[in-house]
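Data file: protein04.tsv. Format and content: TSV, C-alpha atoms.
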```tsv
chain	number	residue	atom	x	y	z
A	1	MET	CA	109.48	151.78	172.71
A	2	THR	CA	111.39	152.25	169.53
A	3	PRO	CA	109.70	152.72	166.18
A	4	GLN	CA	111.04	149.35	165.08
A	5	SER	CA	109.39	147.50	168.00
A	6	ASP	CA	106.06	149.26	167.29
A	7	GLU	CA	106.24	148.11	163.68
A	8	ASP	CA	107.08	144.58	164.75
A	9	GLU	CA	104.10	144.55	167.10
A	10	VAL	CA	101.76	145.72	164.31
A	11	TRP	CA	103.04	142.96	162.04
A	12	ARG	CA	102.53	140.35	164.78
A	13	GLN	CA	98.91	141.51	165.17
A	14	ILE	CA	98.34	141.28	161.42
A	15	VAL	CA	99.77	137.77	161.26
A	16	ALA	CA	97.84	136.63	164.35
A	17	SER	CA	94.53	137.87	162.96
A	18	PHE	CA	95.12	136.46	159.48
A	19	ASN	CA	92.74	133.49	159.84
A	20	ASP	CA	90.14	135.33	161.92
A	21	THR	CA	86.76	136.00	160.32
A	22	ALA	CA	85.69	139.54	159.67
A	23	GLU	CA	83.40	141.19	162.18
A	24	ARG	CA	80.94	142.31	159.52
A	25	ASP	CA	79.89	139.98	156.79
A	26	ALA	CA	80.01	141.30	153.23
A	27	ALA	CA	76.23	140.90	152.95
A	28	ASP	CA	75.70	143.25	155.92
A	29	GLN	CA	77.62	146.11	154.33
A	30	PRO	CA	75.45	148.77	152.75
A	31	TRP	CA	75.44	149.08	148.99
A	32	PRO	CA	76.24	152.60	147.79
A	33	ASP	CA	73.25	154.37	146.28
A	34	SER	CA	75.34	155.47	143.32
A	35	GLU	CA	75.69	151.80	142.34
A	36	ASN	CA	71.96	151.06	142.40
A	37	LEU	CA	70.38	150.57	139.01
A	38	PRO	CA	66.69	150.95	138.27
A	39	ALA	CA	64.74	147.72	137.84
A	40	GLU	CA	64.07	148.52	134.19
A	41	PRO	CA	66.62	150.56	132.24
A	42	PRO	CA	65.25	153.77	130.74
A	43	ARG	CA	64.45	153.51	127.07
A	44	ARG	CA	65.75	156.22	124.84
A	45	VAL	CA	63.42	157.29	122.09
A	46	ILE	CA	65.31	158.63	119.14
A	47	LYS	CA	63.21	160.70	116.80
A	48	GLN	CA	64.27	160.70	113.20
A	49	SER	CA	65.10	164.07	111.83
A	50	ASP	CA	63.15	165.63	109.01
A	51	GLU	CA	66.15	165.33	106.70
A	52	GLU	CA	66.26	161.55	107.12
A	53	ASP	CA	62.54	161.36	106.36
A	54	LEU	CA	63.01	163.47	103.24
A	55	LEU	CA	65.96	161.36	102.12
A	56	ARG	CA	63.93	158.20	102.61
A	57	GLU	CA	61.05	159.70	100.58
A	58	ASP	CA	63.50	160.70	97.83
A	59	ASP	CA	64.84	157.12	97.70
A	60	LEU	CA	61.32	155.77	97.38
A	61	ALA	CA	60.58	158.29	94.63
A	62	ASP	CA	63.75	157.29	92.78
A	63	ASP	CA	62.72	153.65	92.91
A	64	ALA	CA	59.26	154.48	91.58
A	65	GLU	CA	60.51	156.56	88.63
A	66	PRO	CA	63.66	155.00	87.17
A	67	ASP	CA	63.65	157.15	83.99
A	68	ALA	CA	63.84	160.45	85.89
A	69	GLU	CA	67.64	160.26	85.89
A	70	GLN	CA	67.81	159.34	82.23
A	71	SER	CA	65.67	162.29	81.18
A	72	GLY	CA	67.96	164.72	83.02
A	73	GLY	CA	65.00	166.49	84.61
A	74	GLU	CA	66.38	166.36	88.16
A	75	ASP	CA	69.19	168.57	89.32
A	76	GLU	CA	72.06	166.72	90.99
A	77	GLU	CA	72.87	169.58	93.34
A	78	GLY	CA	74.60	168.57	96.55
A	79	HIS	CA	76.11	165.35	95.21
A	80	TYR	CA	79.91	165.41	95.13
A	81	VAL	CA	81.52	163.56	92.30
A	82	PRO	CA	85.29	163.34	92.79
A	83	PRO	CA	87.54	164.00	89.83
A	84	PRO	CA	89.15	160.98	88.20
A	85	PRO	CA	92.45	159.99	89.83
A	86	PRO	CA	95.67	160.94	88.07
A	87	PRO	CA	97.36	158.21	86.04
A	88	LEU	CA	100.04	156.10	87.68
A	89	PRO	CA	103.58	157.28	87.05
A	90	LYS	CA	105.55	155.51	84.34
A	91	THR	CA	108.41	153.34	85.54
A	92	ASP	CA	111.53	152.40	83.69
A	93	ALA	CA	112.66	148.84	82.97
A	94	THR	CA	115.24	148.80	85.80
A	95	THR	CA	112.60	149.56	88.43
A	96	LYS	CA	110.24	146.94	87.01
A	97	ILE	CA	113.00	144.30	87.07
A	98	ALA	CA	113.90	145.25	90.66
A	99	TRP	CA	110.26	144.85	91.80
A	100	LEU	CA	110.03	141.53	89.95
A	101	ALA	CA	113.20	140.30	91.66
A	102	LEU	CA	112.05	141.57	95.08
A	103	PHE	CA	108.79	139.61	94.93
A	104	GLY	CA	109.78	136.88	92.47
A	105	GLY	CA	112.64	135.41	94.51
A	106	PRO	CA	110.61	134.70	97.66
A	107	ALA	CA	107.59	133.67	95.56
A	108	TYR	CA	109.73	131.05	93.80
A	109	LEU	CA	111.03	129.76	97.14
A	110	LEU	CA	107.50	129.54	98.61
A	111	LEU	CA	106.18	127.82	95.49
A	112	SER	CA	109.00	125.30	95.46
A	113	ALA	CA	108.49	124.57	99.17
A	114	ALA	CA	104.72	124.19	98.73
A	115	LEU	CA	105.10	121.85	95.75
A	116	ASN	CA	108.01	119.87	97.28
A	117	TRP	CA	110.38	120.68	94.45
A	118	ASN	CA	113.97	119.62	94.89
A	119	LEU	CA	116.04	122.82	94.75
A	120	GLN	CA	119.62	122.71	93.64
A	121	GLY	CA	122.09	125.02	95.34
A	122	TRP	CA	122.42	127.47	92.46
A	123	MET	CA	118.63	127.88	92.18
A	124	LEU	CA	118.33	128.64	95.89
A	125	PHE	CA	121.22	131.09	95.65
A	126	THR	CA	119.67	132.79	92.61
A	127	ALA	CA	116.30	133.27	94.34
A	128	VAL	CA	117.87	134.74	97.49
A	129	ALA	CA	120.25	136.91	95.44
A	130	ALA	CA	117.34	138.20	93.34
A	131	PHE	CA	115.47	139.22	96.50
A	132	ILE	CA	118.47	141.00	98.00
A	133	GLY	CA	119.45	142.55	94.67
A	134	GLY	CA	115.94	143.84	94.01
A	135	PHE	CA	115.75	145.37	97.47
A	136	VAL	CA	119.15	147.04	97.14
A	137	ALA	CA	118.33	148.34	93.66
A	138	LEU	CA	115.07	149.91	94.84
A	139	VAL	CA	116.70	151.51	97.88
A	140	VAL	CA	119.60	152.93	95.86
A	141	ARG	CA	117.27	154.35	93.22
A	142	MET	CA	114.92	155.80	95.83
A	143	GLY	CA	116.98	158.94	96.35
A	144	ASP	CA	117.37	160.85	99.56
A	145	GLY	CA	116.63	164.43	98.61
A	146	PRO	CA	113.45	166.42	98.07
A	147	PRO	CA	111.77	166.34	94.66
A	148	ASN	CA	113.21	168.67	92.04
A	149	ASP	CA	110.01	170.66	91.67
A	150	SER	CA	109.44	171.31	95.39
A	151	GLY	CA	110.64	174.92	95.40
A	152	TRP	CA	113.22	176.70	97.50
A	153	ASP	CA	111.72	176.10	100.98
A	154	ASP	CA	109.92	172.72	100.60
A	155	GLY	CA	107.30	173.90	103.11
A	156	ALA	CA	103.55	173.77	103.38
A	157	VAL	CA	101.41	175.56	100.82
A	158	ILE	CA	98.46	177.53	102.15
```
Do you think you could lay out the structure here as structure tokens?
Amino acid sequence: MTPQSDEDEVWRQIVASFNDTAERDAADQPWPDSENLPAEPPRRVIKQSDEEDLLREDDLADDAEPDAEQSGGEDEEGHYVPPPPPPLPKTDATTKIAWLALFGGPAYLLLSAALNWNLQGWMLFTAVAAFIGGFVALVVRMGDGPPNDSGWDDGAVI
């Protein structure tokens, strides 16, 4: 017999036994012990730490004595207060106009569509041109080099 005829015979057996029922029913097959679950799942008891109890007692004490903070008697050790954020950088008029055009053009088109305004051709062109012009102006002014104050290597500072 050739290997091809053996393979054909195997396929014929598979096709012939396609509609036959299985010898063992699925209910007769043993269930693996690793899949068995206990009747009642174990309950995990989580004990609160002493720190949480102390924090809860401190919160209750703070609620009971509201003027303790005003008198300054308690030390605020361990509480991090971040420094105020730096002010936003100042922008020039060209950048402000470019941002206004970038968002104003589509906003005008959306508003006119929502309110069913009849747009003339020049108004539609102006809104689209403002959007494209604002985008181009911001990209051109963005710059492609490192900042001037970055140093000679522009690397990480340890």
Check: In Å to one decimal, how far is atom CA of A:Gly104 from atom CA of A:Met123?
Finding: 12.6 Å
Notebook entry, point to check: What does the distance between atom CA of A:Ala127 and atom CA of A:Ala98 come to in Å, to one decimal place?
Noted result: 12.8 Å
Note to self: Rounded to one decimal, what separation in Å do you get between atom CA of A:Ser112 and atom CA of A:Phe125?
What the structure shows: 13.5 Å
Item checked: Spatial neighbours of A:Val140, max dist 12 Å, only C-alpha atoms, sep filter under 6 positions, as a VMD selection string -> chain A and resid 94 to 95 98 133 to 134
For those residues, write C-alpha atoms to a file as a compact mmCIF listing (two decimals), in the coordinates of the input.
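And here is the file that came out, again-v9.txt:
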```txt
# COMPACT_ATOMS: atom_id res chain seq x y z
CA THR A 94 115.24 148.80 85.80
CA THR A 95 112.60 149.56 88.43
CA ALA A 98 113.90 145.25 90.66
CA GLY A 133 119.45 142.55 94.67
CA GLY A 134 115.94 143.84 94.01
```
Item checked: For A:Arg141, the nearest of the candidates A:Trp99, A:Trp31, A:Phe18, A:Trp11, counting all atoms listed in the file ->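 The answer is A:Trp99, which sits nearest to A:Arg141.
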Item checked: A:Leu119, A:Leu124, A:Leu88, A:Ala130 ranked by distance to A:Gly105, top pick (using all atoms listed in the file) -> A:Ala130
